$ cat structure-v1.txt   # compact mmCIF, C-alpha atoms and all ligand atoms
# COMPACT_ATOMS: atom_id res chain seq x y z
CA MET K 1 -10.46 -17.48 5.53
CA SER K 2 -9.04 -14.59 3.49
CA GLN K 3 -7.68 -11.46 5.06
CA LEU K 4 -10.54 -9.56 3.46
CA SER K 5 -13.29 -11.61 5.05
CA ARG K 6 -11.54 -11.66 8.43
CA MET K 7 -11.53 -7.87 8.70
CA ALA K 8 -14.23 -6.26 10.82
CA ALA K 9 -16.44 -4.00 8.72
CA PRO K 10 -15.75 -0.45 9.90
CA LEU K 11 -18.71 1.91 9.78
CA ALA K 12 -20.41 -0.66 7.60
CA ARG K 13 -23.93 0.75 7.74
CA HIS K 14 -22.85 4.17 6.61
CA HIS K 15 -20.81 2.83 3.69
CA VAL K 16 -23.47 0.33 2.61
CA ALA K 17 -26.03 3.15 2.53
CA ARG K 18 -23.70 5.16 0.34
CA LEU K 19 -23.05 2.22 -1.97
CA ALA K 20 -26.79 1.51 -2.26
CA ALA K 21 -27.44 5.16 -3.14
CA THR K 22 -24.77 5.02 -5.84
CA LEU K 23 -26.21 1.85 -7.34
CA LEU K 24 -29.75 3.24 -7.24
CA THR K 25 -28.89 6.49 -8.99
CA HIS K 26 -27.06 4.52 -11.69
CA SER K 27 -29.99 2.17 -12.27
CA GLN K 28 -32.33 5.16 -12.66
CA GLY K 29 -30.18 6.62 -15.39
CA ILE K 30 -29.09 9.54 -13.21
CA ARG K 31 -25.51 10.40 -14.12
CA PRO K 32 -23.84 12.44 -11.41
CA PRO K 33 -20.16 13.25 -12.00
CA ALA K 34 -17.59 10.91 -10.49
CA PRO K 35 -16.92 11.77 -6.85
CA LYS K 36 -13.55 13.23 -5.95
CA THR K 37 -12.85 10.47 -3.44
CA LEU K 38 -13.77 6.81 -3.62
CA PRO K 39 -17.06 6.22 -1.74
CA GLY K 40 -16.38 4.94 1.74
CA THR K 41 -12.83 6.20 2.01
CA VAL K 42 -11.36 9.27 3.56
CA ARG K 43 -9.22 11.56 1.51
CA HIS K 44 -5.48 11.01 1.86
CA GLN K 45 -3.68 14.07 0.70
CA ALA K 46 -0.14 14.76 1.61
CA ARG K 47 -0.17 18.50 1.59
CA THR K 48 -2.93 20.63 3.04
CA ALA K 49 -3.60 23.66 0.93
CA VAL K 50 -1.82 26.61 2.42
CA PRO K 51 -3.71 29.90 2.14
CA THR K 52 -1.88 32.15 -0.29
CA GLY K 53 -4.07 35.23 0.08
CA PRO K 54 -5.01 37.36 3.05
CA THR K 55 -5.90 35.54 6.28
CA GLY K 56 -7.44 36.56 9.57
CA ILE K 57 -10.70 38.11 10.73
CA GLY K 58 -12.46 40.11 8.02
CA THR K 59 -10.55 38.68 5.05
CA SER K 60 -12.88 35.85 3.96
CA ALA K 61 -14.55 37.93 1.22
CA ALA K 62 -11.15 38.59 -0.34
CA ARG K 63 -10.33 34.87 -0.24
CA ILE K 64 -13.60 33.89 -1.92
CA ALA K 65 -13.02 36.45 -4.69
CA ALA K 66 -9.48 35.15 -5.21
CA ARG K 67 -10.73 31.56 -5.42
CA ARG K 68 -13.36 32.52 -7.99
CA ALA K 69 -10.71 34.18 -10.08
CA THR K 70 -8.38 31.17 -10.08
CA SER K 71 -10.74 28.18 -10.12
CA LYS K 72 -11.26 26.53 -13.49
CA ALA K 73 -14.69 25.85 -14.93
CA PRO K 74 -15.47 22.11 -14.97
CA ASP K 75 -13.99 20.55 -18.07
CA THR K 76 -16.80 18.92 -20.01
CA THR K 77 -14.87 18.39 -23.20
CA GLY K 78 -12.01 16.26 -21.91
CA GLY K 79 -9.52 19.10 -22.41
CA ALA K 80 -9.64 22.07 -24.72
CA GLY K 81 -9.65 21.13 -28.36
CA THR K 82 -8.95 17.43 -27.86
CA GLY K 83 -12.29 16.21 -29.16
CA VAL K 84 -12.47 13.77 -26.23
CA PRO K 85 -15.97 13.86 -24.73
CA GLU K 86 -16.54 14.14 -21.01
CA LEU K 87 -15.47 10.98 -19.21
CA TYR K 88 -16.81 9.47 -16.01
CA CYS K 89 -13.64 9.97 -14.03
CA PRO K 90 -12.79 11.71 -10.77
CA PRO K 91 -11.10 15.09 -10.90
CA ALA K 92 -7.44 15.36 -9.93
CA ILE K 93 -7.15 15.92 -6.21
CA ARG K 94 -4.22 18.34 -6.27
CA ASP K 95 -2.17 20.35 -8.69
CA ASP K 96 1.13 21.29 -7.06
CA GLN K 97 3.05 22.65 -10.00
CA ALA K 98 6.30 23.25 -8.13
CA LEU K 99 6.39 19.63 -6.95
CA GLY K 100 5.61 18.33 -10.44
CA GLN K 101 8.35 20.47 -11.91
CA GLU K 102 10.92 19.33 -9.36
CA VAL K 103 10.16 15.69 -10.14
CA ASN K 104 10.21 16.37 -13.87
CA ASP K 105 13.53 18.22 -13.78
CA ARG K 106 15.16 15.43 -11.79
CA LEU K 107 13.62 12.81 -14.09
CA VAL K 108 15.07 14.46 -17.18
CA ASP K 109 18.50 14.66 -15.47
CA TRP K 110 18.27 10.95 -14.73
CA ALA K 111 17.22 10.15 -18.32
CA GLU K 112 20.31 11.99 -19.53
CA GLU K 113 22.49 10.11 -17.03
CA VAL K 114 21.28 6.69 -18.21
CA GLY K 115 21.35 7.71 -21.87
CA LEU K 116 17.60 7.48 -22.46
CA TYR K 117 16.03 9.51 -25.29
CA ALA K 118 19.41 11.01 -26.25
CA GLY K 119 18.83 14.04 -28.47
CA ARG K 120 15.13 14.10 -27.54
CA LEU K 121 15.22 15.22 -23.95
CA ALA K 122 13.44 18.49 -24.68
CA ARG K 123 10.47 16.42 -25.80
CA VAL K 124 10.65 14.26 -22.66
CA ARG K 125 10.73 17.42 -20.53
CA ALA K 126 7.70 18.81 -22.36
CA THR K 127 5.80 15.54 -21.92
CA ASP K 128 6.10 16.23 -18.18
CA PHE K 129 5.98 12.82 -16.56
CA GLY K 130 6.82 14.62 -13.31
CA ARG K 131 3.44 16.28 -13.52
CA LEU K 132 1.79 12.90 -14.12
CA MET K 133 3.32 11.55 -10.90
CA MET K 134 2.38 14.65 -8.92
CA LEU K 135 -1.23 14.51 -10.15
CA ALA K 136 -1.64 10.76 -9.84
CA HIS K 137 -0.16 10.31 -6.35
CA PRO K 138 -1.77 13.06 -4.28
CA ASP K 139 -1.05 11.25 -1.02
CA SER K 140 2.68 11.78 -1.31
CA ASP K 141 4.58 15.03 -1.44
CA ASP K 142 7.94 13.28 -1.23
CA PRO K 143 9.78 14.12 -4.46
CA ASP K 144 12.15 11.17 -3.99
CA ARG K 145 9.33 8.62 -3.96
CA LEU K 146 7.54 10.34 -6.82
CA LEU K 147 10.79 10.35 -8.77
CA ALA K 148 11.36 6.64 -8.13
CA ALA K 149 7.92 5.85 -9.59
CA ALA K 150 8.54 8.28 -12.45
CA LYS K 151 11.79 6.53 -13.40
CA CYS K 152 10.00 3.18 -13.63
CA ALA K 153 7.20 4.71 -15.70
CA LEU K 154 9.59 6.43 -18.09
CA ALA K 155 11.64 3.25 -18.53
CA GLU K 156 8.46 1.27 -19.30
CA TRP K 157 7.31 3.92 -21.75
CA ALA K 158 10.75 3.90 -23.36
CA THR K 159 10.50 0.12 -23.81
CA ASP K 160 7.34 0.78 -25.80
CA ASP K 161 8.83 3.64 -27.83
CA TYR K 162 12.23 2.07 -28.58
CA TYR K 163 11.13 -1.50 -29.21
CA CYS K 164 7.44 -1.54 -30.13
CA ASP K 165 5.81 1.35 -31.86
CA ASP K 166 8.04 4.29 -32.64
CA GLU K 167 10.01 3.70 -35.80
CA THR K 168 11.74 7.04 -35.37
CA MET K 169 13.23 5.57 -32.16
CA GLY K 170 14.39 2.50 -34.06
CA SER K 171 11.54 0.14 -33.17
CA ARG K 172 11.40 -2.97 -35.38
CA THR K 173 8.73 -5.59 -35.00
CA ASP K 174 11.09 -8.39 -36.07
CA LEU K 175 13.41 -7.50 -33.16
CA LEU K 176 10.72 -7.08 -30.51
CA GLY K 177 11.09 -10.48 -28.83
CA SER K 178 14.88 -10.26 -28.94
CA HIS K 179 14.67 -6.95 -27.13
CA LEU K 180 12.03 -7.82 -24.56
CA GLY K 181 13.94 -10.83 -23.18
CA PRO K 182 17.01 -8.86 -22.06
CA ALA K 183 14.75 -5.98 -20.99
CA TYR K 184 13.03 -8.31 -18.54
CA ALA K 185 16.41 -9.58 -17.34
CA ALA K 186 17.29 -5.98 -16.48
CA LEU K 187 14.52 -6.21 -13.85
CA ASP K 188 14.97 -9.82 -12.77
CA PRO K 189 18.69 -10.53 -13.15
CA ALA K 190 19.82 -13.51 -15.16
CA HIS K 191 22.31 -15.40 -12.97
CA LEU K 192 24.75 -16.82 -15.47
CA PRO K 193 27.69 -19.15 -14.93
CA ALA K 194 30.78 -17.05 -14.10
CA GLY K 195 32.39 -17.40 -17.52
CA HIS K 196 29.40 -15.84 -19.30
CA ALA K 197 28.42 -13.17 -16.80
CA PRO K 198 30.75 -10.37 -18.03
CA ALA K 199 29.55 -10.64 -21.63
CA TRP K 200 25.93 -10.56 -20.47
CA GLU K 201 26.69 -7.54 -18.28
CA ARG K 202 28.16 -5.75 -21.30
CA ASP K 203 24.99 -6.50 -23.28
CA LEU K 204 22.84 -5.03 -20.54
CA ALA K 205 24.93 -1.88 -20.31
CA ASP K 206 24.84 -1.49 -24.07
CA ASP K 207 21.24 -0.43 -24.37
CA PRO K 208 19.68 2.63 -22.70
CA VAL K 209 16.29 0.97 -22.14
CA ARG K 210 17.89 -1.88 -20.19
CA VAL K 211 20.04 0.55 -18.22
CA ALA K 212 16.97 2.65 -17.40
CA LEU K 213 14.84 -0.34 -16.36
CA ARG K 214 17.58 -1.60 -14.07
CA SER K 215 18.34 1.79 -12.58
CA GLY K 216 14.64 2.58 -12.08
CA LEU K 217 13.95 -0.67 -10.26
CA ARG K 218 17.06 -0.27 -8.10
CA ASP K 219 15.87 3.16 -7.01
CA LEU K 220 12.35 1.95 -6.36
CA ALA K 221 13.64 -0.88 -4.15
CA ARG K 222 14.78 1.79 -1.65
CA TYR K 223 11.10 2.43 -0.91
CA ALA K 224 9.40 -0.87 -1.76
CA ASP K 225 9.43 -4.05 0.32
CA PRO K 226 10.37 -7.31 -1.48
CA SER K 227 6.74 -8.22 -2.13
CA GLN K 228 6.14 -4.84 -3.77
CA VAL K 229 9.23 -5.27 -5.94
CA ALA K 230 8.06 -8.75 -6.94
CA ARG K 231 4.63 -7.31 -7.70
CA LEU K 232 6.14 -4.71 -10.03
CA ARG K 233 8.26 -7.33 -11.80
CA HIS K 234 5.14 -9.38 -12.39
CA GLU K 235 3.14 -6.43 -13.74
CA VAL K 236 5.97 -5.46 -16.08
CA ALA K 237 6.38 -9.03 -17.32
CA VAL K 238 2.67 -9.00 -18.15
CA LEU K 239 3.09 -5.62 -19.87
CA PHE K 240 5.85 -7.11 -22.01
CA VAL K 241 3.53 -9.96 -23.01
CA GLY K 242 1.13 -7.24 -24.18
CA TYR K 243 3.92 -5.56 -26.15
CA GLY K 244 4.62 -8.90 -27.83
CA GLN K 245 0.95 -9.39 -28.68
CA GLU K 246 0.74 -5.96 -30.27
CA GLY K 247 3.93 -6.68 -32.24
CA SER K 248 2.41 -9.90 -33.55
CA TRP K 249 -0.71 -8.04 -34.72
CA ARG K 250 1.46 -5.42 -36.36
CA SER K 251 3.68 -7.89 -38.19
CA ARG K 252 0.78 -9.79 -39.74
CA GLY K 253 -1.45 -6.76 -40.33
CA HIS K 254 -4.10 -8.09 -37.96
CA MET K 255 -6.84 -5.78 -36.73
CA PRO K 256 -8.06 -7.22 -33.40
CA THR K 257 -11.72 -7.63 -32.55
CA VAL K 258 -13.09 -5.30 -29.88
CA HIS K 259 -13.14 -7.96 -27.17
CA GLU K 260 -9.66 -9.15 -28.15
CA TYR K 261 -8.39 -5.58 -27.95
CA LEU K 262 -10.03 -4.91 -24.59
CA ALA K 263 -8.45 -8.03 -23.07
CA HIS K 264 -5.14 -6.84 -24.53
CA ARG K 265 -5.49 -3.36 -23.07
CA GLN K 266 -5.74 -4.90 -19.62
CA ILE K 267 -2.23 -6.32 -19.98
CA ASN K 268 -0.73 -3.56 -22.13
CA SER K 269 -1.82 -1.03 -19.57
CA PHE K 270 -0.80 1.38 -16.85
CA LEU K 271 -1.06 -1.37 -14.25
CA PRO K 272 2.70 -1.24 -13.52
CA CYS K 273 2.21 2.42 -12.56
CA ILE K 274 -0.97 1.82 -10.56
CA ALA K 275 0.74 -1.05 -8.73
CA LEU K 276 3.06 1.51 -7.11
CA VAL K 277 0.31 3.51 -5.43
CA ASP K 278 1.16 2.13 -1.97
CA VAL K 279 4.93 2.31 -2.51
CA VAL K 280 4.67 6.01 -3.30
CA GLY K 281 2.20 6.48 -0.44
CA GLY K 282 4.62 4.88 2.05
CA TYR K 283 2.60 1.80 3.09
CA SER K 284 2.24 -1.74 1.81
CA VAL K 285 -0.74 -3.86 0.77
CA ALA K 286 0.04 -7.49 1.65
CA ALA K 287 0.81 -9.71 -1.34
CA SER K 288 -2.09 -12.03 -0.44
CA GLU K 289 -4.57 -9.16 -0.39
CA TYR K 290 -3.25 -7.60 -3.62
CA ALA K 291 -3.62 -11.02 -5.27
CA ASP K 292 -7.17 -11.61 -3.99
CA PRO K 293 -9.25 -12.23 -7.15
CA ARG K 294 -11.80 -9.59 -6.08
CA VAL K 295 -9.07 -6.99 -5.68
CA ARG K 296 -7.44 -8.06 -8.93
CA ARG K 297 -10.74 -7.77 -10.79
CA ALA K 298 -11.36 -4.26 -9.52
CA VAL K 299 -7.81 -3.01 -10.03
CA THR K 300 -7.44 -4.45 -13.52
CA ARG K 301 -10.67 -2.72 -14.56
CA ALA K 302 -9.18 0.55 -13.35
CA ALA K 303 -5.98 -0.19 -15.28
CA THR K 304 -7.88 -0.88 -18.51
CA ALA K 305 -9.98 2.26 -18.08
CA SER K 306 -6.92 4.44 -17.49
CA THR K 307 -5.33 3.04 -20.62
CA LEU K 308 -8.44 3.72 -22.68
CA VAL K 309 -8.00 7.33 -21.57
CA ASN K 310 -4.60 7.10 -23.27
CA ASP K 311 -6.24 5.68 -26.40
CA LEU K 312 -8.67 8.57 -26.54
CA TYR K 313 -6.12 11.31 -25.98
CA SER K 314 -3.37 9.82 -28.15
CA MET K 315 -5.55 9.28 -31.23
CA ALA K 316 -4.34 12.44 -32.94
CA LYS K 317 -0.67 11.54 -32.36
CA GLU K 318 -1.32 8.00 -33.61
CA ASP K 319 -3.13 9.27 -36.72
CA HIS K 320 0.08 11.07 -37.68
CA SER K 321 2.28 8.05 -37.05
CA SER K 322 3.90 6.29 -40.00
CA GLY K 323 3.38 2.82 -38.47
CA VAL K 324 0.28 0.77 -37.61
CA GLU K 325 -1.26 2.06 -34.36
CA PHE K 326 -4.00 0.48 -32.31
CA ASN K 327 -6.52 2.25 -30.15
CA LEU K 328 -10.06 1.40 -29.09
CA PRO K 329 -11.85 3.88 -31.38
CA SER K 330 -10.10 2.56 -34.49
CA VAL K 331 -10.76 -1.06 -33.47
CA ILE K 332 -14.46 -0.26 -32.89
CA ALA K 333 -14.71 1.67 -36.17
CA ALA K 334 -13.25 -1.32 -38.04
CA GLU K 335 -15.48 -3.92 -36.37
CA GLU K 336 -18.71 -1.95 -36.26
CA ARG K 337 -18.20 0.00 -39.49
CA CYS K 338 -19.19 3.19 -37.77
CA SER K 339 -17.92 6.75 -38.04
CA PRO K 340 -14.86 7.84 -36.03
CA ARG K 341 -17.12 10.04 -33.88
CA GLU K 342 -19.44 7.13 -33.06
CA ALA K 343 -16.41 4.97 -32.30
CA VAL K 344 -15.15 7.58 -29.85
CA GLU K 345 -18.55 7.75 -28.17
CA ARG K 346 -18.68 3.97 -27.81
CA SER K 347 -15.16 3.97 -26.42
CA VAL K 348 -16.23 6.53 -23.83
CA GLU K 349 -19.18 4.31 -22.86
CA ILE K 350 -16.83 1.36 -22.38
CA HIS K 351 -14.43 3.49 -20.35
CA ASP K 352 -17.24 4.80 -18.18
CA GLU K 353 -18.64 1.34 -17.55
CA LEU K 354 -15.23 0.14 -16.38
CA VAL K 355 -14.80 3.12 -14.05
CA ARG K 356 -18.28 2.75 -12.57
CA THR K 357 -17.73 -0.95 -12.04
CA PHE K 358 -14.38 -0.28 -10.38
CA GLU K 359 -16.05 2.32 -8.19
CA ALA K 360 -18.79 -0.07 -7.06
CA GLU K 361 -16.45 -3.05 -6.56
CA ALA K 362 -13.83 -1.00 -4.76
CA ALA K 363 -16.44 0.63 -2.55
CA ALA K 364 -17.60 -2.86 -1.56
CA LEU K 365 -14.01 -4.01 -0.94
CA VAL K 366 -13.23 -1.11 1.38
CA LEU K 367 -15.95 -2.41 3.72
CA THR K 368 -14.07 -5.61 4.45
CA GLY K 369 -10.45 -5.00 3.45
CA SER K 370 -7.48 -3.99 5.55
CA PRO K 371 -6.80 -0.30 6.19
CA GLN K 372 -3.94 -0.60 3.69
CA LEU K 373 -6.28 -1.93 1.01
CA ARG K 374 -8.72 0.91 1.69
CA HIS K 375 -5.93 3.42 1.34
CA PHE K 376 -4.75 1.69 -1.84
CA LEU K 377 -8.16 1.62 -3.53
CA ALA K 378 -8.68 5.28 -2.67
CA GLY K 379 -5.25 5.87 -4.20
CA VAL K 380 -6.20 4.00 -7.39
CA TRP K 381 -9.27 6.22 -7.68
CA ALA K 382 -7.10 9.30 -7.26
CA TRP K 383 -4.65 7.85 -9.79
CA LEU K 384 -7.45 7.68 -12.37
CA GLY K 385 -8.21 11.36 -11.85
CA GLY K 386 -4.56 12.42 -12.08
CA ASN K 387 -4.03 10.28 -15.18
CA ARG K 388 -6.94 11.86 -17.03
CA GLU K 389 -5.89 15.33 -16.04
CA TRP K 390 -2.35 14.73 -17.26
CA HIS K 391 -3.47 13.23 -20.59
CA SER K 392 -5.71 16.23 -21.21
CA GLY K 393 -2.71 18.56 -21.10
CA SER K 394 0.56 16.73 -21.82
CA LEU K 395 2.41 17.88 -24.92
CA ARG K 396 3.00 14.22 -25.79
CA TYR K 397 -0.62 14.24 -27.01
CA HIS K 398 -1.11 17.90 -27.80
CA ASP K 399 1.64 19.16 -30.04
CA ALA K 400 2.89 22.61 -29.16
C1 LIG K 501 4.22 3.64 -18.14
C2 LIG K 501 3.61 2.41 -18.66
C3 LIG K 501 3.31 1.30 -17.75
C4 LIG K 501 3.36 2.35 -19.91
C5 LIG K 501 2.71 1.18 -20.41
C6 LIG K 501 2.45 1.09 -21.82
C7 LIG K 501 2.06 2.30 -22.51
C8 LIG K 501 3.17 3.05 -23.21
C9 LIG K 501 0.82 2.73 -22.53
C10 LIG K 501 -0.25 2.06 -21.77
C11 LIG K 501 0.42 3.79 -23.44
O1 LIG K 501 0.03 3.21 -24.64
P1 LIG K 501 0.61 3.69 -26.03
O2 LIG K 501 1.57 2.72 -26.56
O3 LIG K 501 -0.56 3.95 -26.90
O4 LIG K 501 1.38 4.99 -25.59
P2 LIG K 501 1.41 6.44 -26.21
O5 LIG K 501 0.04 6.76 -26.66
O6 LIG K 501 2.40 6.35 -27.32
O7 LIG K 501 1.87 7.34 -25.13
$ encode --input "structure-v1.txt" --output "structure tokens"
Amino acid sequence: MSQLSRMAAPLARHHVARLAATLLTHSQGIRPPAPKTLPGTVRHQARTAVPTGPTGIGTSAARIAARRATSKAPDTTGGAGTGVPELYCPPAIRDDQALGQEVNDRLVDWAEEVGLYAGRLARVRATDFGRLMMLAHPDSDDPDRLLAAAKCALAEWATDDYYCDDETMGSRTDLLGSHLGPAYAALDPAHLPAGHAPAWERDLADDPVRVALRSGLRDLARYADPSQVARLRHEVAVLFVGYGQEGSWRSRGHMPTVHEYLAHRQINSFLPCIALVDVVGGYSVAASEYADPRVRRAVTRAATASTLVNDLYSMAKEDHSSGVEFNLPSVIAAEERCSPREAVERSVEIHDELVRTFEAEAAALVLTGSPQLRHFLAGVWAWLGGNREWHSGSLRYHDA
């Protein structure tokens, strides 16, 4: 019997009622916005908002006025001027700018130390991956843990930029496989016979992406148990398979079909980042529960959806690229011979379907899963909200 089915169902009636209500409103075509927290889970937030205005008896009117002045109107356009329609996606749970900036500053220092993005660090700083981590992991206010996850994310992004799709960073499709092999060995050491080890070590140290991948994983291992490290290695290996697939399309000028592309975007996705939700949160989902096919199905849907958010927000950057770029709207436009606007709308529908399905499946899983799984699925939901919020503002996708 799996761990999931062995678990007693906590507060089952209440959660089932909530799930039924969600399913009913969907089937009637009622489209409420995505809830802030995953149905059936409590909100895990590291830092309670500290009142910054007047407190004490007789000051509530002043606080309400201050809140009205600072709260943002709901964003129904996907971010000012981006042309991305409203998405079915939770809002970000917190926006602690000081924390994001601390993580970002330390991340840029680390990138300089390992030699990543030499000469382009101002751009990395402006991209603000520290903010992404702060937004996407609201249940941790530990800058060290957020930084460890940020290093892994930046190293994975750099693998994409240096080897796959940024010619200005030296990417070359014909070298992709030759680069990805040693990049993986930076995460899962190759144990060579003694006579060959020093030369291999020199090769690893010779390339900033390999140095960054190795350093990032080493730092993460301070917070992750061995099963979580193994999980990350697996997700990154899968990501690299996705990089190889994209390279193959690029080298033969192949435009994928929509279904082919969607299957690809599950593996060439943010899953390696999402997989760290419990590491950053300071708990651990058991390997057997993480690998449960029902959990995998839900989590991979979330990963694909979060990556389609990237497709939608990065379209403008990709339009200006000199190389061949793939994103869901251009794949849909090619297959369905529709206008770019229609392709965007269809992409949004696909994104929304994935998020709603994740929501329903995850809400069902929290009824029977371990407390750690519940926490994790709530964290994945929060990750989706932080990811969208970051994409809507990062200068990587909105040139200054
Ligand atoms: C951090 C991480 C796991 C990255 C994975 C791969 C990746 C770079 C993306 C999912 C983003 O896709 P894309 O190649 O389109 O990236 P940019 O739009 O160039 O940021």
$ residues_around --input "structure-v1.txt" --residues "Tyr88 (chain K)" --least-positions-apart "2" --cutoff "12 Å" --atoms "all atoms listed in the file" --output "number ranges by chain"
K: 31-36, 75-78, 84-86, 90-91, 305-306, 309, 347-359, 381, 384-385, 388
$ write_last_selection --input "structure-v1.txt" --atoms "C-alpha atoms" --output "PDB file, in the coordinates of the input"
ATOM      1  CA  ARG K  31     -25.510  10.400 -14.120  1.00  0.00           C
ATOM      2  CA  PRO K  32     -23.840  12.440 -11.410  1.00  0.00           C
ATOM      3  CA  PRO K  33     -20.160  13.250 -12.000  1.00  0.00           C
ATOM      4  CA  ALA K  34     -17.590  10.910 -10.490  1.00  0.00           C
ATOM      5  CA  PRO K  35     -16.920  11.770  -6.850  1.00  0.00           C
ATOM      6  CA  LYS K  36     -13.550  13.230  -5.950  1.00  0.00           C
ATOM      7  CA  ASP K  75     -13.990  20.550 -18.070  1.00  0.00           C
ATOM      8  CA  THR K  76     -16.800  18.920 -20.010  1.00  0.00           C
ATOM      9  CA  THR K  77     -14.870  18.390 -23.200  1.00  0.00           C
ATOM     10  CA  GLY K  78     -12.010  16.260 -21.910  1.00  0.00           C
ATOM     11  CA  VAL K  84     -12.470  13.770 -26.230  1.00  0.00           C
ATOM     12  CA  PRO K  85     -15.970  13.860 -24.730  1.00  0.00           C
ATOM     13  CA  GLU K  86     -16.540  14.140 -21.010  1.00  0.00           C
ATOM     14  CA  PRO K  90     -12.790  11.710 -10.770  1.00  0.00           C
ATOM     15  CA  PRO K  91     -11.100  15.090 -10.900  1.00  0.00           C
ATOM     16  CA  ALA K 305      -9.980   2.260 -18.080  1.00  0.00           C
ATOM     17  CA  SER K 306      -6.920   4.440 -17.490  1.00  0.00           C
ATOM     18  CA  VAL K 309      -8.000   7.330 -21.570  1.00  0.00           C
ATOM     19  CA  SER K 347     -15.160   3.970 -26.420  1.00  0.00           C
ATOM     20  CA  VAL K 348     -16.230   6.530 -23.830  1.00  0.00           C
ATOM     21  CA  GLU K 349     -19.180   4.310 -22.860  1.00  0.00           C
ATOM     22  CA  ILE K 350     -16.830   1.360 -22.380  1.00  0.00           C
ATOM     23  CA  HIS K 351     -14.430   3.490 -20.350  1.00  0.00           C
ATOM     24  CA  ASP K 352     -17.240   4.800 -18.180  1.00  0.00           C
ATOM     25  CA  GLU K 353     -18.640   1.340 -17.550  1.00  0.00           C
ATOM     26  CA  LEU K 354     -15.230   0.140 -16.380  1.00  0.00           C
ATOM     27  CA  VAL K 355     -14.800   3.120 -14.050  1.00  0.00           C
ATOM     28  CA  ARG K 356     -18.280   2.750 -12.570  1.00  0.00           C
ATOM     29  CA  THR K 357     -17.730  -0.950 -12.040  1.00  0.00           C
ATOM     30  CA  PHE K 358     -14.380  -0.280 -10.380  1.00  0.00           C
ATOM     31  CA  GLU K 359     -16.050   2.320  -8.190  1.00  0.00           C
ATOM     32  CA  TRP K 381      -9.270   6.220  -7.680  1.00  0.00           C
ATOM     33  CA  LEU K 384      -7.450   7.680 -12.370  1.00  0.00           C
ATOM     34  CA  GLY K 385      -8.210  11.360 -11.850  1.00  0.00           C
ATOM     35  CA  ARG K 388      -6.940  11.860 -17.030  1.00  0.00           C
TER      36      ARG K 388
END
$ closest_residue --input "structure-v1.txt" --among "K:Glu156, K:Arg346, K:Ala126, K:Val299" --to "Ala360 (chain K)" --atoms "all atoms listed in the file"
K:Val299
$ residues_around --input "structure-v1.txt" --residues "Ala148 (chain K)" --least-positions-apart "4" --cutoff "8 Å" --atoms "all atoms listed in the file" --output "list in words"
Asp144, Cys152, Gly216, Asp219 and Leu220 of chain K
$ residues_near_ligand --input "structure-v1.txt" --ligand "ligand LIG 501 (chain K)" --cutoff "9 Å" --atoms "all atoms listed in the file" --output "ChimeraX atom specification"
/K:150,152-161,164-166,235-236,239-240,242-243,265,267-274,303-304,306-308,310-315,317-318,325-327,396-397
$ closest_residue --input "structure-v1.txt" --among "K:His259, K:Arg94, K:His234, K:Gly119" --to "Ala291 (chain K)" --atoms "only C-alpha atoms"
K:His234
$ residues_near_point --input "structure-v1.txt" --point "(-3.6, -7.8, 1.7)" --cutoff "10 Å" --atoms "all atoms listed in the file" --output "list in words"
Ser2, Gln3, Leu4, Ser284, Val285, Ala286, Ala287, Ser288, Glu289, Tyr290, Ala291, Asp292, Val295, Gly369, Ser370, Pro371, Gln372 and Leu373 of chain K
$ atom_distance --input "structure-v1.txt" --atom1 "CA of Leu262 (chain K)" --atom2 "CA of Thr300 (chain K)"
11.4 Å
$ axis_aligned_box --input "structure-v1.txt" --around "region 326-343 of chain K" --padding-each-side "3 Å" --output "JSON"
{"center_x": -11.7, "center_y": 3.1, "center_z": -34.3, "size_x": 21.4, "size_y": 20.0, "size_z": 16.4}
$ residues_around --input "structure-v1.txt" --residues "Ser251 (chain K)" --least-positions-apart "3" --cutoff "8 Å" --atoms "all atoms listed in the file" --output "ChimeraX atom specification"
/K:173-174,247-248,254
$ atom_distance --input "structure-v1.txt" --atom1 "CA of Asp95 (chain K)" --atom2 "CA of Pro138 (chain K)"
8.5 Å
